[in-house]
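Peer 1: What follows is the file my_file.txt, containing compact mmCIF, C-alpha atoms:
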```txt
# COMPACT_ATOMS: atom_id res chain seq x y z
CA MET D 175 -7.78 -17.02 -0.73
CA SER D 176 -4.09 -17.77 -0.45
CA ASP D 177 -1.57 -14.96 -0.84
CA GLU D 178 -0.30 -16.73 -3.95
CA LEU D 179 -3.64 -16.22 -5.73
CA ARG D 180 -4.33 -12.71 -4.47
CA LYS D 181 -4.42 -10.07 -7.19
CA THR D 182 -1.69 -7.49 -6.57
CA ALA D 183 -1.28 -4.11 -8.27
CA ILE D 184 2.23 -3.30 -9.47
CA THR D 185 3.50 0.30 -9.65
CA PRO D 186 7.28 0.73 -10.01
CA ALA D 187 8.96 3.71 -8.33
CA THR D 188 9.63 5.16 -11.81
CA HIS D 189 5.91 5.45 -12.56
CA THR D 190 3.27 7.90 -11.45
CA THR D 191 0.02 6.81 -9.88
CA PRO D 192 -2.32 6.12 -12.82
CA PRO D 193 -4.75 8.97 -13.58
CA ALA D 194 -7.73 6.58 -13.56
CA LYS D 195 -8.72 3.41 -11.70
CA PHE D 196 -6.18 1.02 -13.24
CA SER D 197 -2.78 -0.42 -12.41
CA HIS D 198 0.48 -0.33 -14.37
CA GLY D 199 0.61 -4.06 -13.80
CA VAL D 200 -1.37 -6.76 -12.05
CA LYS D 201 0.03 -10.02 -10.76
CA LYS D 202 -2.04 -13.04 -9.77
CA GLY D 203 -0.26 -16.27 -9.01
CA ASN D 204 2.50 -16.58 -11.58
CA ILE D 205 0.78 -14.38 -14.18
CA LEU D 206 1.73 -10.74 -14.64
CA GLN D 207 -0.15 -8.46 -17.01
CA VAL D 208 1.62 -5.20 -17.80
CA ALA D 209 -0.83 -2.48 -18.79
CA GLY D 210 -0.17 -0.41 -21.87
CA GLN D 211 2.95 1.66 -21.31
CA VAL D 212 3.97 4.74 -23.27
CA GLY D 213 7.21 6.67 -23.70
CA PHE D 214 7.04 8.89 -20.62
CA LEU D 215 10.29 9.56 -18.80
CA PRO D 216 10.53 8.34 -15.19
CA ALA D 217 8.17 10.24 -12.92
CA VAL D 218 9.30 13.39 -11.16
CA GLU D 219 7.06 14.51 -8.32
CA GLY D 220 5.22 17.72 -9.12
CA ARG D 221 5.89 17.49 -12.86
CA ALA D 222 3.42 16.32 -15.48
CA PRO D 223 4.38 13.16 -17.40
CA THR D 224 6.91 14.05 -20.10
CA PRO D 225 7.52 12.08 -23.33
CA ALA D 226 11.09 10.87 -23.84
CA GLY D 227 11.22 12.88 -27.04
CA PRO D 228 9.37 13.50 -30.27
CA THR D 229 10.88 10.59 -32.25
CA LEU D 230 9.64 7.04 -32.53
CA ARG D 231 13.09 5.76 -31.45
CA GLU D 232 13.14 7.80 -28.23
CA GLN D 233 9.59 6.87 -27.35
CA THR D 234 9.96 3.17 -28.24
CA LEU D 235 13.10 2.73 -26.14
CA GLN D 236 11.51 4.54 -23.18
CA THR D 237 8.30 2.53 -23.59
CA LEU D 238 10.29 -0.72 -23.49
CA ALA D 239 12.13 0.55 -20.40
CA ASN D 240 8.77 1.31 -18.77
CA VAL D 241 7.43 -2.17 -19.58
CA ARG D 242 10.63 -3.65 -18.18
CA ALA D 243 10.27 -1.61 -14.96
CA VAL D 244 6.78 -3.07 -14.38
CA LEU D 245 8.03 -6.57 -15.18
CA GLU D 246 10.90 -6.25 -12.72
CA ALA D 247 8.67 -4.74 -10.01
CA GLY D 248 6.45 -7.80 -10.43
CA GLY D 249 9.37 -10.24 -10.21
CA ALA D 250 9.56 -10.97 -13.95
CA SER D 251 12.00 -10.42 -16.79
CA TRP D 252 11.81 -10.33 -20.58
CA GLU D 253 12.39 -14.11 -20.54
CA ASP D 254 9.01 -14.49 -18.79
CA VAL D 255 7.09 -12.52 -21.42
CA LEU D 256 4.85 -14.63 -23.64
CA MET D 257 3.12 -11.85 -25.55
CA LEU D 258 3.73 -8.21 -26.43
CA ARG D 259 1.14 -6.01 -28.06
CA VAL D 260 2.44 -2.91 -29.80
CA TYR D 261 0.15 -0.05 -30.77
CA LEU D 262 1.42 2.54 -33.24
CA THR D 263 -0.29 5.77 -34.26
CA ASP D 264 1.07 5.74 -37.82
CA THR D 265 1.32 2.87 -40.33
CA GLY D 266 4.48 4.54 -41.64
CA HIS D 267 6.26 3.62 -38.38
CA PHE D 268 6.07 -0.18 -38.77
CA ALA D 269 9.49 -0.67 -40.40
CA GLU D 270 11.33 1.67 -38.03
CA MET D 271 9.64 0.16 -34.98
CA ASN D 272 10.60 -3.35 -36.13
CA GLU D 273 14.25 -2.28 -36.49
CA ILE D 274 14.27 -0.71 -33.00
CA TYR D 275 12.42 -3.70 -31.51
CA ASN D 276 14.76 -6.28 -33.10
CA ALA D 277 17.91 -4.44 -31.98
CA TYR D 278 16.54 -3.96 -28.45
CA PHE D 279 15.72 -7.62 -27.92
CA GLU D 280 19.00 -8.73 -29.49
CA GLU D 281 20.77 -6.55 -26.87
CA GLN D 282 18.66 -8.21 -24.14
CA GLY D 283 20.01 -11.61 -25.22
CA LEU D 284 16.60 -13.30 -25.20
CA LYS D 285 16.68 -17.04 -25.82
CA GLU D 286 13.24 -16.94 -27.45
CA ALA D 287 11.40 -13.84 -28.60
CA PRO D 288 7.87 -13.39 -27.24
CA ALA D 289 4.88 -13.60 -29.52
CA ALA D 290 3.97 -10.11 -30.69
CA ARG D 291 1.20 -8.23 -32.41
CA THR D 292 1.44 -4.74 -33.83
CA THR D 293 -1.56 -2.66 -34.78
CA VAL D 294 -2.33 0.96 -35.56
CA TYR D 295 -4.26 2.79 -32.89
CA VAL D 296 -4.99 6.50 -33.09
CA GLY D 297 -6.32 7.06 -29.57
CA LEU D 298 -3.07 7.89 -27.78
CA PRO D 299 -2.65 11.30 -26.16
CA LYS D 300 -1.23 14.00 -28.41
CA GLY D 301 2.48 13.59 -29.14
CA LEU D 302 2.65 9.91 -28.16
CA LEU D 303 3.54 7.53 -30.98
CA ILE D 304 3.62 4.07 -29.38
CA GLU D 305 2.12 1.99 -26.57
CA ILE D 306 3.17 -1.52 -25.53
CA ASP D 307 1.63 -4.00 -23.12
CA ALA D 308 2.93 -7.41 -22.06
CA LEU D 309 1.76 -10.71 -20.60
CA ALA D 310 4.29 -12.65 -18.54
CA VAL D 311 4.20 -16.01 -16.78
CA LEU D 312 6.77 -16.37 -14.02
CA GLY D 313 8.58 -19.55 -13.14
```
As structure tokens, how would this structure be written, given the file I've shared?
Peer 2:
Amino acid sequence: MSDELRKTAITPATHTTPPAKFSHGVKKGNILQVAGQVGFLPAVEGRAPTPAGPTLREQTLQTLANVRAVLEAGGASWEDVLMLRVYLTDTGHFAEMNEIYNAYFEEQGLKEAPAARTTVYVGLPKGLLIEIDALAVLG
């Protein structure tokens, strides 16, 4: 198998080693799948993962920063993202998340917004309000 088609795990320096057998991102050829990211602050050795704060805004912005860190570690940018999947723990957060999301991507200056899907998912660890994953195609 050529190096180009080898599957490569992606773990940015800002992230901890995953607690189970998965990767923060996986790249194969020009495809990069970013695993579900949450609003944990950048990793500090010896300290348990810490949420960016209790609010949806704090956690959404940190979650997007964490997705971006995996993208960049894999050689991608927001322009390469085809699809984002957003998981919220509360249906009451849809409007606020959309406002935060729209403002964030406007600041990024994206030419075209990625396709997106938002759903409610109640299986996140206690205190976490949002999870986002991404699919990117480089080149």
Peer 1: Of the candidates D:Ala226, D:Leu206, D:Leu302, D:Val294, which one gets nearest to Tyr261 of chain D if we count only C-alpha atoms?
Peer 2: D:Val294
Peer 1: Report as a VMD selection string all protein, DNA and RNA residues lying within 12 Å of Glu286 of chain D, evaluated on all atoms listed in the file, omitting residues in the same chain fewer than 3 positions from it.
Peer 2: chain D and resid 252 to 257 279 to 280 282 to 283 289 to 290
Peer 1: Report, in Å with one decimal, the straight-line distance from atom CA of Glu246 of chain D to atom CA of Ile306 of chain D.
Peer 2: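 Between these atoms lies a distance of 15.7 Å.
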Peer 1: Which polymer residues have any atom within 8 Å of an atom of Gln236 of chain D, counting all atoms listed in the file, with same-chain residues fewer than 2 positions away left out, as an MDAnalysis selection string?
Peer 2: chainID D and resid 212:215 226 232:234 238:240
Peer 1: Point out the residue among D:Ile274, D:Ala308, D:Leu179, D:Pro288 with the least atom-to-atom distance to Asn204 of chain D, counting all atoms listed in the file.
Peer 2: D:Leu179
Peer 1: List the residues sitting within 6 Å of (9.7, 2.9, -13.3) in the file's frame, using all atoms listed in the file, as a PyMOL selection string.
Peer 2: chain D and resi 186-189+216+240+243
Peer 1: What's the separation between atom CA of Ile304 of chain D and atom CA of Asn272 of chain D, in Å to one decimal place?
Peer 2: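 Taking atom CA of Ile304 of chain D and atom CA of Asn272 of chain D, their separation equals 12.2 Å.
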Peer 1: Near Lys300 of chain D, within 12 Å and counting only C-alpha atoms, which residues show up once chain neighbours fewer than 4 positions away are dropped, as a list in words?
Peer 2: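 Residues meeting the cut-off are Val212, Thr224, Pro225, Pro228, Thr263, Val296 and Ile304 of chain D.
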Peer 1: To one decimal place in Å, what is the distance between atom CA of Gly199 of chain D and atom CA of Val218 of chain D?
Peer 2: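 Taking atom CA of Gly199 of chain D as the start and atom CA of Val218 of chain D as the end point, the length is 19.7 Å.
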Peer 1: Closest to Val208 of chain D among D:Ala194, D:Ala247, D:Ala222, D:Leu298, using all atoms listed in the file?
Peer 2: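 Using all atoms listed in the file, Val208 of chain D sits closest to D:Ala247.
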Peer 1: Restricting the calculation to all atoms listed in the file, which member of D:Glu305, D:Glu270, D:Asp264, D:Glu219 is positioned closest to Thr190 of chain D?
Peer 2: D:Glu219
Peer 1: Between D:Ala277, D:Leu284, D:Ile205, D:Val260, which has the minimum distance to Thr237 of chain D (counting all atoms listed in the file)?
Peer 2: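 Distance minimum relative to Thr237 of chain D lands on D:Val260.
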Peer 1: Go through D:Arg242, D:Arg291, D:Arg231, D:Lys195 and flag the residue nearest Met271 of chain D, using all atoms listed in the file for the distances.
Peer 2: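 Comparing D:Arg242, D:Arg291, D:Arg231, D:Lys195 against Met271 of chain D, the winner is D:Arg231.
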